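Here is entry-v6.tsv, consisting of TSV, C-alpha atoms and all ligand atoms:
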```tsv
chain	number	residue	atom	x	y	z
A	1	MET	CA	-55.64	-25.51	-8.78
A	2	ILE	CA	-53.14	-23.84	-11.08
A	3	TRP	CA	-50.74	-21.30	-9.60
A	4	TYR	CA	-50.14	-18.87	-12.49
A	5	PRO	CA	-46.87	-17.00	-13.14
A	6	TYR	CA	-46.12	-13.45	-11.99
A	7	GLN	CA	-49.62	-13.11	-10.57
A	8	GLN	CA	-51.28	-12.10	-7.38
A	9	MET	CA	-53.77	-14.96	-7.60
A	10	LYS	CA	-56.45	-13.13	-5.64
A	11	LEU	CA	-56.48	-10.22	-8.09
A	12	MET	CA	-55.92	-12.17	-11.31
A	13	LYS	CA	-58.44	-11.83	-14.12
A	14	PRO	CA	-59.35	-15.23	-15.57
A	15	PRO	CA	-56.87	-16.03	-18.38
A	16	PHE	CA	-58.06	-16.59	-21.97
A	17	LYS	CA	-58.68	-20.26	-22.57
A	18	VAL	CA	-56.97	-21.54	-25.70
A	19	VAL	CA	-58.71	-24.37	-27.53
A	20	ASP	CA	-56.69	-24.38	-30.75
A	21	ALA	CA	-53.96	-22.37	-32.45
A	22	GLU	CA	-52.67	-22.04	-35.99
A	23	GLY	CA	-50.29	-19.64	-37.72
A	24	VAL	CA	-50.26	-16.38	-35.75
A	25	TYR	CA	-53.72	-17.08	-34.30
A	26	LEU	CA	-54.79	-18.25	-30.88
A	27	TYR	CA	-58.34	-19.60	-30.91
A	28	THR	CA	-59.77	-19.01	-27.48
A	29	GLU	CA	-63.14	-19.44	-25.89
A	30	GLU	CA	-63.26	-15.64	-25.81
A	31	GLY	CA	-62.49	-15.20	-29.51
A	32	ASN	CA	-59.63	-15.35	-32.00
A	33	MET	CA	-56.52	-13.32	-31.40
A	34	ILE	CA	-53.19	-12.71	-33.12
A	35	ASP	CA	-50.48	-13.69	-30.65
A	36	SER	CA	-48.29	-10.57	-30.61
A	37	VAL	CA	-46.12	-12.10	-27.87
A	38	SER	CA	-45.28	-15.37	-29.70
A	39	SER	CA	-45.87	-17.20	-26.40
A	40	TRP	CA	-43.06	-15.45	-24.57
A	41	TRP	CA	-41.08	-14.85	-27.77
A	42	SER	CA	-40.63	-18.52	-28.64
A	43	VAL	CA	-43.19	-19.39	-31.35
A	44	ILE	CA	-41.25	-17.90	-34.27
A	45	HIS	CA	-42.84	-20.14	-36.93
A	46	GLY	CA	-46.38	-19.70	-35.64
A	47	TYR	CA	-48.59	-22.45	-34.27
A	48	LYS	CA	-49.35	-25.83	-35.79
A	49	HIS	CA	-46.56	-25.67	-38.33
A	50	PRO	CA	-46.87	-28.81	-40.49
A	51	VAL	CA	-43.10	-29.43	-40.69
A	52	LEU	CA	-42.58	-29.05	-36.95
A	53	ASN	CA	-45.65	-31.13	-36.13
A	54	GLU	CA	-44.32	-33.86	-38.37
A	55	ALA	CA	-40.89	-33.76	-36.71
A	56	ILE	CA	-42.49	-34.48	-33.33
A	57	LYS	CA	-44.86	-37.11	-34.65
A	58	SER	CA	-42.22	-39.16	-36.41
A	59	GLN	CA	-39.88	-39.05	-33.41
A	60	VAL	CA	-42.54	-39.94	-30.85
A	61	ASP	CA	-43.22	-43.18	-32.69
A	62	LYS	CA	-39.57	-44.16	-32.09
A	63	PHE	CA	-39.04	-42.87	-28.55
A	64	ALA	CA	-39.96	-39.62	-26.82
A	65	HIS	CA	-37.06	-39.47	-24.42
A	66	VAL	CA	-34.01	-41.28	-23.16
A	67	MET	CA	-31.53	-39.93	-20.65
A	68	LEU	CA	-28.21	-38.62	-21.88
A	69	GLY	CA	-26.22	-40.29	-19.12
A	70	GLY	CA	-24.66	-43.32	-20.79
A	71	LEU	CA	-27.01	-43.08	-23.78
A	72	THR	CA	-27.16	-40.98	-26.89
A	73	HIS	CA	-29.30	-40.76	-30.01
A	74	GLU	CA	-29.53	-39.35	-33.49
A	75	PRO	CA	-31.71	-36.25	-32.80
A	76	VAL	CA	-29.32	-34.90	-30.16
A	77	GLU	CA	-26.26	-35.73	-32.28
A	78	LYS	CA	-27.72	-34.08	-35.34
A	79	LEU	CA	-28.77	-30.99	-33.42
A	80	SER	CA	-25.38	-30.50	-31.78
A	81	ASP	CA	-23.62	-31.00	-35.14
A	82	LYS	CA	-25.97	-28.50	-36.73
A	83	LEU	CA	-25.44	-25.93	-33.98
A	84	ALA	CA	-21.66	-26.35	-34.12
A	85	GLU	CA	-21.73	-25.73	-37.86
A	86	TRP	CA	-24.36	-22.97	-37.76
A	87	LEU	CA	-23.13	-20.90	-34.83
A	88	PRO	CA	-20.23	-18.51	-35.36
A	89	GLY	CA	-16.58	-19.11	-34.48
A	90	ASP	CA	-15.63	-22.12	-32.41
A	91	LEU	CA	-18.84	-22.20	-30.38
A	92	ASP	CA	-18.98	-25.96	-30.86
A	93	TYR	CA	-19.68	-27.66	-27.52
A	94	CYS	CA	-23.37	-28.01	-26.68
A	95	PHE	CA	-24.69	-28.69	-23.19
A	96	PHE	CA	-28.45	-29.16	-23.34
A	97	SER	CA	-30.98	-28.44	-20.62
A	98	ASP	CA	-34.70	-28.00	-20.23
A	99	SER	CA	-35.05	-24.25	-19.78
A	100	GLY	CA	-33.29	-20.96	-20.34
A	101	SER	CA	-32.78	-20.37	-16.63
A	102	VAL	CA	-31.03	-23.70	-16.20
A	103	ALA	CA	-28.91	-23.07	-19.30
A	104	VAL	CA	-27.78	-19.76	-17.80
A	105	GLU	CA	-27.03	-21.52	-14.50
A	106	VAL	CA	-24.89	-23.97	-16.45
A	107	ALA	CA	-23.05	-21.10	-18.18
A	108	LEU	CA	-22.32	-19.44	-14.83
A	109	LYS	CA	-21.20	-22.72	-13.31
A	110	ILE	CA	-18.90	-23.38	-16.26
A	111	ALA	CA	-17.38	-19.90	-15.90
A	112	LEU	CA	-16.69	-20.38	-12.19
A	113	GLN	CA	-15.28	-23.87	-12.60
A	114	TYR	CA	-13.17	-22.88	-15.61
A	115	TYR	CA	-10.95	-20.94	-13.20
A	116	VAL	CA	-11.24	-23.39	-10.31
A	117	ASN	CA	-9.98	-26.09	-12.69
A	118	ARG	CA	-6.90	-23.92	-13.18
A	119	GLY	CA	-6.47	-23.63	-9.43
A	120	ASP	CA	-7.78	-20.08	-9.32
A	121	TRP	CA	-10.35	-19.95	-6.51
A	122	LYS	CA	-10.48	-16.17	-6.31
A	123	ARG	CA	-12.55	-15.53	-9.39
A	124	THR	CA	-15.92	-15.81	-7.68
A	125	LYS	CA	-17.63	-12.70	-9.04
A	126	VAL	CA	-19.86	-12.14	-12.03
A	127	LEU	CA	-20.15	-8.87	-13.89
A	128	ALA	CA	-23.65	-8.21	-15.24
A	129	LEU	CA	-25.84	-5.33	-16.37
A	130	THR	CA	-28.41	-3.26	-14.57
A	131	HIS	CA	-31.94	-4.16	-15.69
A	132	ALA	CA	-30.61	-7.60	-16.60
A	133	TYR	CA	-32.93	-10.58	-16.67
A	134	HIS	CA	-31.40	-14.05	-16.93
A	135	GLY	CA	-34.13	-16.25	-15.46
A	136	ASP	CA	-35.98	-16.97	-12.23
A	137	THR	CA	-33.76	-19.58	-10.56
A	138	PHE	CA	-31.66	-18.35	-7.64
A	139	LYS	CA	-28.29	-17.68	-9.26
A	140	THR	CA	-29.94	-16.16	-12.33
A	141	MET	CA	-31.99	-13.91	-10.05
A	142	GLU	CA	-28.81	-12.84	-8.29
A	143	VAL	CA	-27.09	-12.05	-11.58
A	144	GLY	CA	-30.19	-10.24	-12.78
A	145	ASP	CA	-31.13	-6.77	-11.74
A	146	ASP	CA	-34.77	-5.96	-11.64
A	147	GLU	CA	-36.52	-5.13	-8.43
A	148	ASP	CA	-39.85	-6.29	-9.84
A	149	TYR	CA	-38.65	-9.82	-10.50
A	150	HIS	CA	-35.94	-10.21	-7.91
A	151	PHE	CA	-36.98	-8.13	-4.90
A	152	ILE	CA	-37.13	-11.25	-2.76
A	153	LEU	CA	-33.32	-11.44	-2.77
A	154	GLU	CA	-33.29	-8.34	-0.60
A	155	ALA	CA	-33.85	-10.79	2.24
A	156	TYR	CA	-30.21	-11.82	1.80
A	157	GLY	CA	-28.87	-8.28	2.04
A	158	GLU	CA	-26.28	-6.91	-0.32
A	159	LYS	CA	-25.17	-9.05	-3.25
A	160	LYS	CA	-21.74	-10.54	-2.64
A	161	TYR	CA	-20.87	-12.18	-5.90
A	162	VAL	CA	-22.44	-10.02	-8.59
A	163	ILE	CA	-21.65	-6.51	-9.80
A	164	ASN	CA	-24.28	-4.84	-11.98
A	165	ILE	CA	-23.22	-2.00	-14.27
A	166	SER	CA	-25.03	0.22	-16.77
A	167	THR	CA	-24.51	-0.09	-20.52
A	168	GLU	CA	-22.04	2.78	-20.51
A	169	ILE	CA	-18.54	1.99	-21.67
A	170	SER	CA	-16.97	4.09	-18.91
A	171	ALA	CA	-18.87	2.15	-16.22
A	172	MET	CA	-17.68	-1.10	-17.76
A	173	GLU	CA	-14.05	0.02	-17.96
A	174	GLU	CA	-14.16	1.12	-14.34
A	175	ALA	CA	-15.63	-2.20	-13.20
A	176	PHE	CA	-13.01	-4.21	-15.07
A	177	GLU	CA	-10.21	-2.10	-13.61
A	178	LYS	CA	-11.53	-2.49	-10.10
A	179	TYR	CA	-12.69	-6.11	-10.06
A	180	HIS	CA	-10.88	-7.97	-12.82
A	181	GLU	CA	-8.92	-10.25	-10.51
A	182	GLU	CA	-12.16	-11.49	-8.96
A	183	LEU	CA	-14.27	-11.78	-12.10
A	184	ASN	CA	-14.89	-15.10	-13.82
A	185	CYS	CA	-17.32	-13.76	-16.41
A	186	PHE	CA	-19.26	-10.88	-17.83
A	187	ILE	CA	-22.80	-11.95	-18.77
A	188	VAL	CA	-25.10	-9.84	-20.93
A	189	GLU	CA	-28.28	-10.01	-22.95
A	190	PRO	CA	-26.61	-8.58	-26.05
A	191	LEU	CA	-28.10	-5.46	-27.72
A	192	LEU	CA	-31.61	-6.04	-26.38
A	193	GLN	CA	-32.52	-6.50	-22.73
A	194	GLY	CA	-35.91	-8.19	-22.83
A	195	ALA	CA	-37.72	-8.76	-19.57
A	196	GLY	CA	-35.86	-5.83	-17.99
A	197	GLY	CA	-37.86	-3.50	-20.24
A	198	MET	CA	-36.96	-4.03	-23.92
A	199	ARG	CA	-33.91	-1.81	-23.49
A	200	MET	CA	-31.67	-1.45	-26.50
A	201	TYR	CA	-28.02	-0.49	-26.50
A	202	ASP	CA	-25.14	-0.07	-28.88
A	203	LEU	CA	-22.89	-2.67	-30.44
A	204	SER	CA	-19.83	-0.58	-29.54
A	205	PHE	CA	-20.45	-1.56	-25.91
A	206	LEU	CA	-20.18	-5.24	-26.78
A	207	LYS	CA	-17.07	-4.74	-28.89
A	208	ARG	CA	-15.39	-3.00	-25.96
A	209	ALA	CA	-16.63	-5.77	-23.64
A	210	ARG	CA	-14.88	-8.33	-25.86
A	211	GLU	CA	-11.63	-6.33	-25.70
A	212	LEU	CA	-11.77	-5.96	-21.94
A	213	CYS	CA	-12.60	-9.64	-21.43
A	214	ASP	CA	-9.57	-10.54	-23.56
A	215	LYS	CA	-7.33	-8.08	-21.78
A	216	TYR	CA	-8.27	-9.29	-18.30
A	217	ASP	CA	-8.86	-12.96	-19.14
A	218	VAL	CA	-12.56	-12.88	-18.20
A	219	LEU	CA	-15.12	-15.08	-20.01
A	220	LEU	CA	-17.79	-13.30	-22.03
A	221	ILE	CA	-21.24	-14.90	-21.89
A	222	PHE	CA	-24.07	-13.92	-24.22
A	223	ASP	CA	-27.49	-14.86	-22.92
A	224	GLU	CA	-29.31	-15.01	-26.25
A	225	VAL	CA	-32.28	-16.91	-24.86
A	226	ALA	CA	-34.44	-13.99	-26.02
A	227	THR	CA	-32.29	-12.32	-28.70
A	228	GLY	CA	-31.23	-15.48	-30.55
A	229	PHE	CA	-32.78	-16.66	-33.81
A	230	GLY	CA	-33.17	-13.25	-35.39
A	231	ARG	CA	-35.10	-11.22	-32.84
A	232	THR	CA	-32.66	-8.27	-32.94
A	233	GLY	CA	-32.48	-8.31	-36.75
A	234	ASN	CA	-29.24	-10.28	-36.49
A	235	ARG	CA	-29.32	-14.06	-36.68
A	236	PHE	CA	-27.43	-14.04	-33.40
A	237	VAL	CA	-25.70	-11.04	-31.88
A	238	ALA	CA	-22.84	-13.54	-31.50
A	239	ASP	CA	-22.41	-13.17	-35.29
A	240	LEU	CA	-21.21	-9.61	-34.64
A	241	VAL	CA	-19.19	-10.05	-31.45
A	242	LEU	CA	-18.07	-13.52	-30.49
A	243	PRO	CA	-18.67	-14.60	-26.88
A	244	ASP	CA	-16.94	-17.51	-25.13
A	245	ILE	CA	-20.23	-19.02	-24.06
A	246	LEU	CA	-23.59	-18.62	-25.79
A	247	VAL	CA	-26.94	-19.49	-24.21
A	248	LEU	CA	-29.97	-20.25	-26.39
A	249	GLY	CA	-33.53	-21.12	-25.38
A	250	LYS	CA	-37.04	-19.85	-26.09
A	251	ALA	CA	-37.13	-20.01	-29.94
A	252	LEU	CA	-34.70	-22.97	-30.03
A	253	THR	CA	-37.57	-25.44	-30.48
A	254	GLY	CA	-39.82	-22.99	-32.30
A	255	GLY	CA	-41.77	-22.78	-29.05
A	256	TYR	CA	-42.85	-26.43	-29.17
A	257	ILE	CA	-41.14	-27.80	-26.06
A	258	GLY	CA	-39.03	-26.22	-23.35
A	259	HIS	CA	-35.39	-26.73	-24.21
A	260	ALA	CA	-32.19	-24.74	-24.08
A	261	VAL	CA	-28.51	-25.07	-24.77
A	262	THR	CA	-25.30	-23.67	-23.35
A	263	VAL	CA	-22.67	-23.57	-26.08
A	264	ALA	CA	-19.00	-23.23	-25.13
A	265	ASN	CA	-16.06	-22.41	-27.34
A	266	HIS	CA	-12.93	-24.52	-27.69
A	267	ARG	CA	-10.95	-22.72	-25.01
A	268	VAL	CA	-13.68	-23.13	-22.39
A	269	TYR	CA	-14.19	-26.79	-23.26
A	270	GLN	CA	-10.43	-27.40	-23.00
A	271	GLY	CA	-10.57	-26.00	-19.46
A	272	PHE	CA	-12.52	-29.12	-18.46
A	273	TYR	CA	-11.01	-31.68	-20.81
A	274	GLY	CA	-8.24	-33.96	-19.53
A	275	ASP	CA	-7.39	-37.01	-17.46
A	276	ASP	CA	-8.60	-35.62	-14.15
A	277	PRO	CA	-12.18	-36.74	-13.29
A	278	ASP	CA	-12.43	-33.88	-10.78
A	279	LYS	CA	-12.34	-31.39	-13.64
A	280	ALA	CA	-15.56	-32.71	-15.19
A	281	LEU	CA	-18.66	-30.56	-15.41
A	282	MET	CA	-20.94	-32.00	-12.73
A	283	HIS	CA	-24.33	-31.20	-14.17
A	284	GLY	CA	-27.06	-33.23	-15.82
A	285	PRO	CA	-30.68	-32.16	-16.13
A	286	THR	CA	-32.99	-35.18	-16.33
A	287	PHE	CA	-34.49	-34.13	-19.62
A	288	MET	CA	-31.38	-32.74	-21.32
A	289	GLY	CA	-31.22	-33.60	-25.00
A	290	ASN	CA	-34.85	-34.74	-25.04
A	291	ALA	CA	-35.44	-36.46	-28.38
A	292	LEU	CA	-38.68	-34.66	-29.23
A	293	ALA	CA	-37.15	-31.29	-28.39
A	294	CYS	CA	-34.01	-31.98	-30.44
A	295	SER	CA	-36.01	-33.25	-33.43
A	296	VAL	CA	-38.20	-30.18	-33.52
A	297	ALA	CA	-35.27	-27.82	-32.88
A	298	LEU	CA	-33.38	-29.24	-35.84
A	299	LYS	CA	-36.38	-28.76	-38.13
A	300	SER	CA	-36.91	-25.28	-36.75
A	301	ILE	CA	-33.36	-24.30	-37.72
A	302	GLN	CA	-33.79	-25.84	-41.18
A	303	LEU	CA	-36.97	-23.79	-41.72
A	304	PHE	CA	-35.18	-20.69	-40.51
A	305	GLU	CA	-32.48	-21.18	-43.13
A	306	GLN	CA	-34.49	-22.52	-46.07
A	307	GLU	CA	-37.26	-19.95	-45.87
A	308	ASP	CA	-34.91	-17.02	-45.39
A	309	TYR	CA	-36.23	-15.89	-42.04
A	310	MET	CA	-33.73	-13.06	-41.86
A	311	ALA	CA	-35.55	-11.47	-44.82
A	312	LYS	CA	-38.88	-11.96	-43.04
A	313	ILE	CA	-37.48	-10.22	-39.96
A	314	ARG	CA	-36.14	-7.32	-42.04
A	315	ARG	CA	-39.63	-6.92	-43.51
A	316	ILE	CA	-41.20	-6.92	-40.05
A	317	GLU	CA	-38.77	-4.21	-38.97
A	318	GLU	CA	-39.46	-2.15	-42.11
A	319	ILE	CA	-43.23	-2.32	-41.71
A	320	THR	CA	-42.92	-1.56	-38.01
A	321	ARG	CA	-40.77	1.53	-38.63
A	322	ARG	CA	-43.16	2.72	-41.33
A	323	GLU	CA	-46.25	2.24	-39.15
A	324	MET	CA	-44.77	3.75	-36.00
A	325	GLU	CA	-43.26	6.74	-37.74
A	326	GLY	CA	-44.47	9.99	-36.26
A	327	PHE	CA	-46.37	8.22	-33.48
A	328	SER	CA	-46.25	10.06	-30.19
A	329	ASP	CA	-48.41	10.76	-27.19
A	330	GLU	CA	-47.92	12.68	-23.97
A	331	ARG	CA	-48.03	9.42	-22.05
A	332	VAL	CA	-45.34	7.82	-24.24
A	333	LYS	CA	-41.75	8.18	-23.13
A	334	GLU	CA	-40.12	6.36	-26.04
A	335	VAL	CA	-40.80	4.02	-28.94
A	336	ARG	CA	-38.02	1.50	-29.51
A	337	ILE	CA	-37.68	-0.77	-32.52
A	338	MET	CA	-35.06	-3.41	-33.22
A	339	GLY	CA	-35.55	-6.29	-35.66
A	340	GLY	CA	-38.66	-8.20	-34.63
A	341	CYS	CA	-39.21	-6.24	-31.44
A	342	VAL	CA	-41.15	-3.03	-30.88
A	343	CYS	CA	-41.66	-1.45	-27.48
A	344	VAL	CA	-43.71	1.56	-26.46
A	345	GLU	CA	-42.52	2.72	-23.07
A	346	VAL	CA	-44.96	4.89	-21.14
A	347	TYR	CA	-44.25	7.13	-18.15
A	348	HIS	CA	-46.46	5.26	-15.68
A	349	PRO	CA	-47.66	1.65	-15.53
A	350	GLU	CA	-51.22	2.98	-15.04
A	351	HIS	CA	-51.10	4.24	-18.62
A	352	LEU	CA	-51.34	0.61	-19.72
A	353	THR	CA	-54.04	-0.54	-17.29
A	354	GLY	CA	-56.78	-2.18	-19.34
A	355	TYR	CA	-54.69	-2.44	-22.51
A	356	GLN	CA	-54.75	-6.24	-22.60
A	357	GLU	CA	-58.58	-6.26	-22.67
A	358	PHE	CA	-58.63	-3.42	-25.20
A	359	ALA	CA	-56.28	-5.36	-27.50
A	360	ALA	CA	-58.22	-8.62	-27.06
A	361	GLU	CA	-61.40	-6.89	-28.17
A	362	ARG	CA	-59.53	-5.93	-31.33
A	363	GLY	CA	-58.28	-9.46	-31.96
A	364	VAL	CA	-54.76	-9.09	-30.56
A	365	PHE	CA	-53.27	-10.96	-27.64
A	366	SER	CA	-50.85	-8.72	-25.80
A	367	ARG	CA	-49.19	-8.88	-22.42
A	368	PRO	CA	-47.82	-5.50	-21.40
A	369	PHE	CA	-45.74	-5.43	-18.23
A	370	LEU	CA	-44.88	-2.50	-15.97
A	371	LYS	CA	-44.29	0.50	-18.27
A	372	TYR	CA	-43.82	-1.56	-21.42
A	373	MET	CA	-46.26	-2.26	-24.21
A	374	TYR	CA	-44.53	-4.37	-26.82
A	375	ALA	CA	-44.87	-6.80	-29.69
A	376	MET	CA	-42.58	-9.68	-30.60
A	377	VAL	CA	-44.58	-11.33	-33.34
A	378	PRO	CA	-44.11	-14.73	-34.98
A	379	TYR	CA	-41.88	-14.21	-38.04
A	380	ILE	CA	-44.47	-15.75	-40.38
A	381	ILE	CA	-46.91	-12.89	-39.75
A	382	ASN	CA	-48.23	-11.20	-42.89
A	383	GLU	CA	-48.37	-7.46	-43.43
A	384	GLU	CA	-52.06	-7.08	-42.72
A	385	GLU	CA	-51.80	-8.95	-39.44
A	386	LEU	CA	-48.74	-6.98	-38.35
A	387	VAL	CA	-50.45	-3.69	-39.17
A	388	GLN	CA	-53.43	-4.83	-37.08
A	389	VAL	CA	-51.11	-5.41	-34.11
A	390	LEU	CA	-49.41	-2.02	-34.50
A	391	ASP	CA	-52.70	-0.18	-35.12
A	392	THR	CA	-54.06	-1.67	-31.92
A	393	MET	CA	-51.05	-0.37	-29.98
A	394	LYS	CA	-51.46	3.11	-31.41
A	395	ALA	CA	-55.26	3.11	-31.06
A	396	TRP	CA	-54.93	2.64	-27.29
A	397	PHE	CA	-53.54	6.16	-27.01
A	398	ARG	CA	-56.22	7.68	-29.24
A	399	ARG	CA	-59.24	6.52	-27.25
A	401	LIG	C1	-36.72	-16.05	-20.73
A	401	LIG	C2	-35.30	-15.78	-20.47
A	401	LIG	C3	-34.53	-16.63	-19.64
A	401	LIG	C4	-35.13	-17.79	-18.89
A	401	LIG	O1	-35.61	-18.78	-19.72
A	401	LIG	P1	-36.68	-19.84	-19.13
A	401	LIG	O2	-36.82	-20.83	-20.22
A	401	LIG	O3	-37.93	-19.06	-18.86
A	401	LIG	O4	-36.09	-20.40	-17.89
A	401	LIG	C5	-33.19	-16.35	-19.49
A	401	LIG	N1	-32.61	-15.31	-20.12
A	401	LIG	C6	-33.31	-14.48	-20.91
A	401	LIG	C7	-32.61	-13.35	-21.58
A	401	LIG	C8	-34.68	-14.67	-21.10
A	401	LIG	O5	-35.37	-13.83	-21.86
```

Any chance you could give the structure as structure tokens?
Amino acid sequence: MIWYPYQQMKLMKPPFKVVDAEGVYLYTEEGNMIDSVSSWWSVIHGYKHPVLNEAIKSQVDKFAHVMLGGLTHEPVEKLSDKLAEWLPGDLDYCFFSDSGSVAVEVALKIALQYYVNRGDWKRTKVLALTHAYHGDTFKTMEVGDDEDYHFILEAYGEKKYVINISTEISAMEEAFEKYHEELNCFIVEPLLQGAGGMRMYDLSFLKRARELCDKYDVLLIFDEVATGFGRTGNRFVADLVLPDILVLGKALTGGYIGHAVTVANHRVYQGFYGDDPDKALMHGPTFMGNALACSVALKSIQLFEQEDYMAKIRRIEEITRREMEGFSDERVKEVRIMGGCVCVEVYHPEHLTGYQEFAAERGVFSRPFLKYMYAMVPYIINEEELVQVLDTMKAWFRR
């Protein structure tokens, strides 16, 4: 018996059963559908990509996996070299793990220990945003702020080690003034908060965050598990404002295998480096640096570069703006567009009840949540397919 995610199992409708998938299409027993969710935003090259398939096949004939404790291998070396060269600034030190949540845990652990290694045991608090989502493990839930995902933490009473602030500069300045001596890091999903409701905010906030982190000696962490690899219309938001630690996941492997990476800059790495074994980072996921994952991730990045994915994403944004222009409905609170993400926020979750079935009947797989109907399409989508996705979203309100 499968226990499905985010579901009351007793009330769950049977999920669509996928038998094959290619390009933007899911072939299910119930019919063919364009995947407008890119399998939780990860399948940026579409399904069954020949180059990515080949990367996995050739590696699996050598070895699928070896542990990274005491062993290393070419795929993980090549990927970390590539990331060091490809990512901005001196974000050069790659700690691999098997999921975004774990990679965020690693980032938070690094931030805490960075100060402990200096003998500063008082910096136990994390600054984070309201409506933040950083994963479903316990520390990431605590750092997050979304009653729908994290309500269970209420059992513990008030949060002791996390302060959540809005994306207003004044709120951030106040928090830094009040708490800076206790803060080890400020963690954000930069520009676009995904699971917390596709909320978009201004770059000026991040620029000010960088200044305040410098002023008060607090580490800035960008959780780009969702925003990385072009989703906001920027390759990485880290290209615009440089964090001290960058977390990547989801699209890292083109959606082929769960893998993630926590990338630290030189200063953070130096905080652990030295002759004292007690200052080591004590972490090591069993499947970190998995050879299949690293092989496919490397090819995914090469495709991203060689086939000018940033241009593809600009085109998606252009078409989306054109198609959504003038769209409104009394049930719609706001339409938000950024890069390869479009979100239609309605006033009440009931306004979206039945939308998934409606979309499926029109050949589109969608997974609205709460008050948010959205699309985050694979970047290889063509114009006709994208228009079909957007038309389906609009048609729901014209029934
Ligand atoms: C999905 C997500 C995570 C968690 O990644 P998993 O691989 O599901 O553990 C963390 N942060 C952000 C911003 C995400 O969107």

Grab me every residue within 6 Å of ligand LIG 401 (chain A), counting all atoms listed in the file, and send it over as an NGL selection string.
:A and (99-101 or 133-135 or 189 or 194 or 223-226 or 250)

Would you list the contacts of segment 15-28 of chain A as a PyMOL selection string, taking every protein, DNA or RNA residue within 9 Å and counting all atoms listed in the file, but skipping same-chain residues closer than 5 positions in sequence?
chain A and resi 33-36+38+43+45-49+364-365+377-381+385

Let's have the selection written as a PDB file, keeping the file's coordinate frame, with C-alpha atoms.
```pdb
ATOM      1  CA  MET A  33     -56.520 -13.320 -31.400  1.00  0.00           C
ATOM      2  CA  ILE A  34     -53.190 -12.710 -33.120  1.00  0.00           C
ATOM      3  CA  ASP A  35     -50.480 -13.690 -30.650  1.00  0.00           C
ATOM      4  CA  SER A  36     -48.290 -10.570 -30.610  1.00  0.00           C
ATOM      5  CA  SER A  38     -45.280 -15.370 -29.700  1.00  0.00           C
ATOM      6  CA  VAL A  43     -43.190 -19.390 -31.350  1.00  0.00           C
ATOM      7  CA  HIS A  45     -42.840 -20.140 -36.930  1.00  0.00           C
ATOM      8  CA  GLY A  46     -46.380 -19.700 -35.640  1.00  0.00           C
ATOM      9  CA  TYR A  47     -48.590 -22.450 -34.270  1.00  0.00           C
ATOM     10  CA  LYS A  48     -49.350 -25.830 -35.790  1.00  0.00           C
ATOM     11  CA  HIS A  49     -46.560 -25.670 -38.330  1.00  0.00           C
ATOM     12  CA  VAL A 364     -54.760  -9.090 -30.560  1.00  0.00           C
ATOM     13  CA  PHE A 365     -53.270 -10.960 -27.640  1.00  0.00           C
ATOM     14  CA  VAL A 377     -44.580 -11.330 -33.340  1.00  0.00           C
ATOM     15  CA  PRO A 378     -44.110 -14.730 -34.980  1.00  0.00           C
ATOM     16  CA  TYR A 379     -41.880 -14.210 -38.040  1.00  0.00           C
ATOM     17  CA  ILE A 380     -44.470 -15.750 -40.380  1.00  0.00           C
ATOM     18  CA  ILE A 381     -46.910 -12.890 -39.750  1.00  0.00           C
ATOM     19  CA  GLU A 385     -51.800  -8.950 -39.440  1.00  0.00           C
TER      20      GLU A 385
END
```

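Comparing A:Ile169, A:Ile2, A:Val332, A:Leu386 by their smallest distance to Ile313 of chain A, the closest is A:Leu386 (using all atoms listed in the file).
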
For the point (-47.1, 5.5, -17.0) in the file's frame, write as a VMD selection string all residues with an atom no more than 9 Å away, counting all atoms listed in the file.
chain A and resid 331 to 333 345 to 352 370 to 372

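Atom CA of Phe186 of chain A is positioned 9.9 Å from atom CA of Met172 of chain A.
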
Please return, as a PyMOL selection string, all polymer residues that have at least one atom within 10 Å of the point (-34.3, -11.4, -41.8); use all atoms listed in the file and the file's own coordinate frame.
chain A and resi 229-235+304+307-317+339-340+379

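Candidate residues A:Gly119, A:Pro50, A:Gly271, A:Gly144 were compared for distance to His131 of chain A, and the nearest is A:Gly144, using only C-alpha atoms.
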
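Pairwise distance (atom CA of Ile245 of chain A, atom CA of Leu220 of chain A) equals 6.5 Å.
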
Box for segment 244-250 of chain A - axis-aligned, 6 Å on each of the six sides, all listed atoms - centre and size in Å to one decimal, as lines of an AutoDock Vina configuration file.
```
center_x = -27.0
center_y = -19.3
center_z = -25.2
size_x = 32.1
size_y = 15.6
size_z = 14.3
```

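Minimum distance to Tyr114 of chain A across A:Lys62, A:Lys279, A:Arg398, A:His150 (counting all atoms listed in the file) occurs at A:Lys279.
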
Near-segment 259-267 of chain A list (10 Å; only C-alpha atoms; drop same-chain fewer than 5 positions) as a PyMOL selection string
chain A and resi 80+83-84+87-108+110-111+114+221-225+242-254+272-273+287-290+292-294+297

With distances taken over all atoms listed in the file, the candidate from A:Glu168, A:Glu384, A:Asp391, A:Glu158 nearest Arg362 of chain A is A:Asp391

Between atom CA of Lys159 of chain A and atom CA of Tyr4 of chain A, measure the distance and give it in Å to one decimal.
28.4 Å
